[in-house]
Every structure is written in structure tokens, then in C-alpha cells.
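K.L.:
Below is the file upload21.pdb, with PDB, C-alpha atoms, pLDDT in the B column.
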```pdb
ATOM      1  CA  MET A   1      24.958 106.358 139.762  1.00 82.00           C
ATOM      2  CA  ASN A   2      27.919 105.317 137.655  1.00 89.00           C
ATOM      3  CA  ASN A   3      30.216 107.854 135.972  1.00 93.00           C
ATOM      4  CA  ASN A   4      32.074 106.350 132.987  1.00 96.00           C
ATOM      5  CA  LEU A   5      34.270 109.343 132.150  1.00 97.00           C
ATOM      6  CA  SER A   6      37.597 107.788 133.156  1.00 96.00           C
ATOM      7  CA  ALA A   7      36.853 104.621 131.153  1.00 97.00           C
ATOM      8  CA  ILE A   8      35.885 106.670 128.094  1.00 97.00           C
ATOM      9  CA  PHE A   9      39.015 108.834 128.360  1.00 97.00           C
ATOM     10  CA  GLY A  10      41.163 105.721 128.748  1.00 97.00           C
ATOM     11  CA  ALA A  11      39.611 103.949 125.760  1.00 97.00           C
ATOM     12  CA  ARG A  12      40.149 107.036 123.591  1.00 97.00           C
ATOM     13  CA  LEU A  13      43.557 107.939 125.050  1.00 98.00           C
ATOM     14  CA  LEU A  14      42.263 111.383 126.018  1.00 98.00           C
ATOM     15  CA  THR A  15      43.838 113.522 128.707  1.00 97.00           C
ATOM     16  CA  ILE A  16      42.083 115.952 131.012  1.00 97.00           C
ATOM     17  CA  THR A  17      44.310 118.710 129.621  1.00 97.00           C
ATOM     18  CA  LYS A  18      43.291 118.026 125.998  1.00 98.00           C
ATOM     19  CA  VAL A  19      39.581 117.884 126.824  1.00 98.00           C
ATOM     20  CA  GLN A  20      39.872 121.055 128.899  1.00 98.00           C
ATOM     21  CA  LYS A  21      41.538 122.910 126.015  1.00 98.00           C
ATOM     22  CA  ASP A  22      39.052 121.600 123.446  1.00 98.00           C
ATOM     23  CA  THR A  23      35.867 122.195 125.473  1.00 97.00           C
ATOM     24  CA  GLY A  24      36.649 125.088 127.799  1.00 97.00           C
ATOM     25  CA  ILE A  25      35.412 123.066 130.778  1.00 97.00           C
ATOM     26  CA  SER A  26      37.532 123.877 133.815  1.00 97.00           C
ATOM     27  CA  ARG A  27      40.305 121.487 134.719  1.00 97.00           C
ATOM     28  CA  SER A  28      39.001 121.169 138.286  1.00 96.00           C
ATOM     29  CA  THR A  29      35.540 120.167 137.035  1.00 96.00           C
ATOM     30  CA  LEU A  30      36.996 117.569 134.667  1.00 97.00           C
ATOM     31  CA  THR A  31      39.318 116.233 137.365  1.00 97.00           C
ATOM     32  CA  ASN A  32      36.453 115.900 139.848  1.00 96.00           C
ATOM     33  CA  LEU A  33      34.348 114.084 137.248  1.00 96.00           C
ATOM     34  CA  TYR A  34      37.239 111.853 136.185  1.00 96.00           C
ATOM     35  CA  TYR A  35      37.983 110.751 139.750  1.00 96.00           C
ATOM     36  CA  ARG A  36      34.267 110.471 140.626  1.00 94.00           C
ATOM     37  CA  ARG A  37      34.426 113.192 143.270  1.00 95.00           C
ATOM     38  CA  ALA A  38      31.843 115.498 141.679  1.00 92.00           C
ATOM     39  CA  LYS A  39      28.557 115.730 143.540  1.00 90.00           C
ATOM     40  CA  ASN A  40      26.760 118.312 141.384  1.00 92.00           C
ATOM     41  CA  VAL A  41      27.481 118.822 137.713  1.00 94.00           C
ATOM     42  CA  LYS A  42      25.835 121.460 135.566  1.00 96.00           C
ATOM     43  CA  LEU A  43      23.740 120.185 132.695  1.00 96.00           C
ATOM     44  CA  ASP A  44      25.595 122.407 130.214  1.00 96.00           C
ATOM     45  CA  THR A  45      28.871 120.773 131.310  1.00 97.00           C
ATOM     46  CA  LEU A  46      27.445 117.314 130.672  1.00 97.00           C
ATOM     47  CA  GLN A  47      26.102 118.498 127.319  1.00 97.00           C
ATOM     48  CA  LYS A  48      29.519 119.854 126.279  1.00 97.00           C
ATOM     49  CA  LEU A  49      31.163 116.567 127.234  1.00 97.00           C
ATOM     50  CA  CYS A  50      28.585 114.484 125.380  1.00 98.00           C
ATOM     51  CA  ASP A  51      28.875 116.684 122.281  1.00 98.00           C
ATOM     52  CA  TYR A  52      32.670 116.528 122.412  1.00 98.00           C
ATOM     53  CA  LEU A  53      32.743 112.757 122.911  1.00 98.00           C
ATOM     54  CA  GLN A  54      29.817 112.210 120.498  1.00 98.00           C
ATOM     55  CA  ILE A  55      27.964 109.994 122.964  1.00 97.00           C
ATOM     56  CA  PRO A  56      24.528 110.092 124.589  1.00 97.00           C
ATOM     57  CA  LEU A  57      24.329 111.097 128.236  1.00 96.00           C
ATOM     58  CA  SER A  58      23.377 107.530 129.145  1.00 95.00           C
ATOM     59  CA  LYS A  59      26.872 106.364 128.068  1.00 96.00           C
ATOM     60  CA  LEU A  60      28.536 108.962 130.274  1.00 96.00           C
ATOM     61  CA  ILE A  61      26.332 108.663 133.353  1.00 94.00           C
ATOM     62  CA  GLU A  62      24.426 105.483 134.180  1.00 92.00           C
ATOM     63  CA  TYR A  63      21.705 105.502 136.779  1.00 88.00           C
ATOM     64  CA  THR A  64      19.973 102.491 138.225  1.00 87.00           C
ATOM     65  CA  PRO A  65      17.186 103.370 140.644  1.00 86.00           C
ATOM     66  CA  LYS A  66      17.172 101.841 144.077  1.00 84.00           C
ATOM     67  CA  GLU A  67      14.434  99.367 144.788  1.00 82.00           C
ATOM     68  CA  LEU A  68      11.795 100.889 146.963  1.00 71.00           C
ATOM     69  CA  THR A  69      11.107  98.928 150.094  1.00 69.00           C
ATOM     70  CA  LYS A  70       7.539  97.786 150.287  1.00 66.00           C
ATOM     71  CA  GLU A  71       5.832  98.510 153.552  1.00 63.00           C
ATOM     72  CA  ALA A  72       3.214  96.016 154.684  1.00 54.00           C
TER      73      ALA A  72
END
```
Would you mind writing the file out in C-alpha cells?

P.N.:
Amino acid sequence: MNNNLSAIFGARLLTITKVQKDTGISRSTLTNLYYRRAKNVKLDTLQKLCDYLQIPLSKLIEYTPKELTKEA
């Protein structure tokens, strides 16, 4: 799973503080997402971020499934 939040913030010159003030998402949650330390993120948090950034979820979080090993 690839989290693109830091790249998006960098491209838009956004700070964690500004996004926190504008969205109400806690600074610790944003920091953990930014530095890719978050393990579980609430769907409403992702929705707020996507609405704020005006991007689909697939731009924020990319997921490529693992290949399943085929058993003979």
C-alpha cells in the first residue's frame, strides 16, 4: 500500500498545521499519515482529506494486491 500524502502536500506547498486547521483532523493523525506511520485510518478521515484536497481516494492511497502463490 502506498500513501501519497507527503508528495501531495509537497506539490501543493501545504503544511500539516494548515490542513489540521482547515479540516479539524488531529495533528497526530496527519503527522502519522504524512510520515507513513499510520496503520489504521478511519474512513471519515480519508474522506475529509480527499474532499479537502479534491482528489479521489485512489490518488491518496494506492494499493497493489500481492500475487497469490499457486499451489500445485

K.L.:
Counting all atoms listed in the file, figure out which residue out of A:Thr64, A:Ile25, A:Ser6, A:Thr15 gets nearest to Gln47 of chain A.

P.N.:
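Closest residue, counting all atoms listed in the file: A:Ile25.
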
K.L.:
Determine the nearest neighbour of Met1 of chain A from the options A:Lys18, A:Arg36, A:Arg27, A:Lys48, counting all atoms listed in the file.

P.N.:
A:Arg36

K.L.:
Ranking A:Gln54, A:Lys59, A:Phe9, A:Thr17 by minimum distance to Tyr34 of chain A and counting all atoms listed in the file, which one comes first?

P.N.:
A:Phe9

K.L.:
Just to confirm, what's the straight-line distance from atom CA of Ile61 of chain A to atom CA of Asn2 of chain A in Å (one decimal)?

P.N.:
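Those two atoms sit 5.7 Å apart.
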
K.L.:
Quick one: of A:Glu62, A:Ile16, A:Ala11, A:Leu57, who's nearest to Tyr35 of chain A, counting all atoms listed in the file?

P.N.:
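Ranked by minimum distance to Tyr35 of chain A, first place goes to A:Ile16.
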
K.L.:
Report, in Å to a single decimal, how far apart atom CA of Tyr63 of chain A and atom CA of Leu14 of chain A are.

P.N.:
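Computed distance, atom CA of Leu14 of chain A to atom CA of Tyr63 of chain A, equals 23.9 Å.
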
K.L.:
Can you tell me how far atom CA of Gly10 of chain A sits from atom CA of Thr45 of chain A, in Å to one decimal?

P.N.:
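Interatomic distance, atom CA of Gly10 of chain A to atom CA of Thr45 of chain A: 19.6 Å.
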
K.L.:
With the PyMOL selection byres ((chain A and resi 23) around 8) as the selection, what would be picked from this file? Answer as a PyMOL selection string, please.

P.N.:
chain A and resi 19-22+24-25+48-49+52

K.L.:
Pick from A:Leu60, A:Ser26, A:Ile55, A:Thr31: nearest to Ala7 of chain A, with all atoms listed in the file counted?

P.N.:
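Result for the nearest residue to Ala7 of chain A: A:Leu60.
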
K.L.:
I need the residue nearest Asn4 of chain A from this list: A:Lys42, A:Lys66, A:Ser58, A:Thr29. Use only C-alpha atoms for the distance.

P.N.:
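Of the candidates, the smallest distance to Asn4 of chain A is held by A:Ser58.
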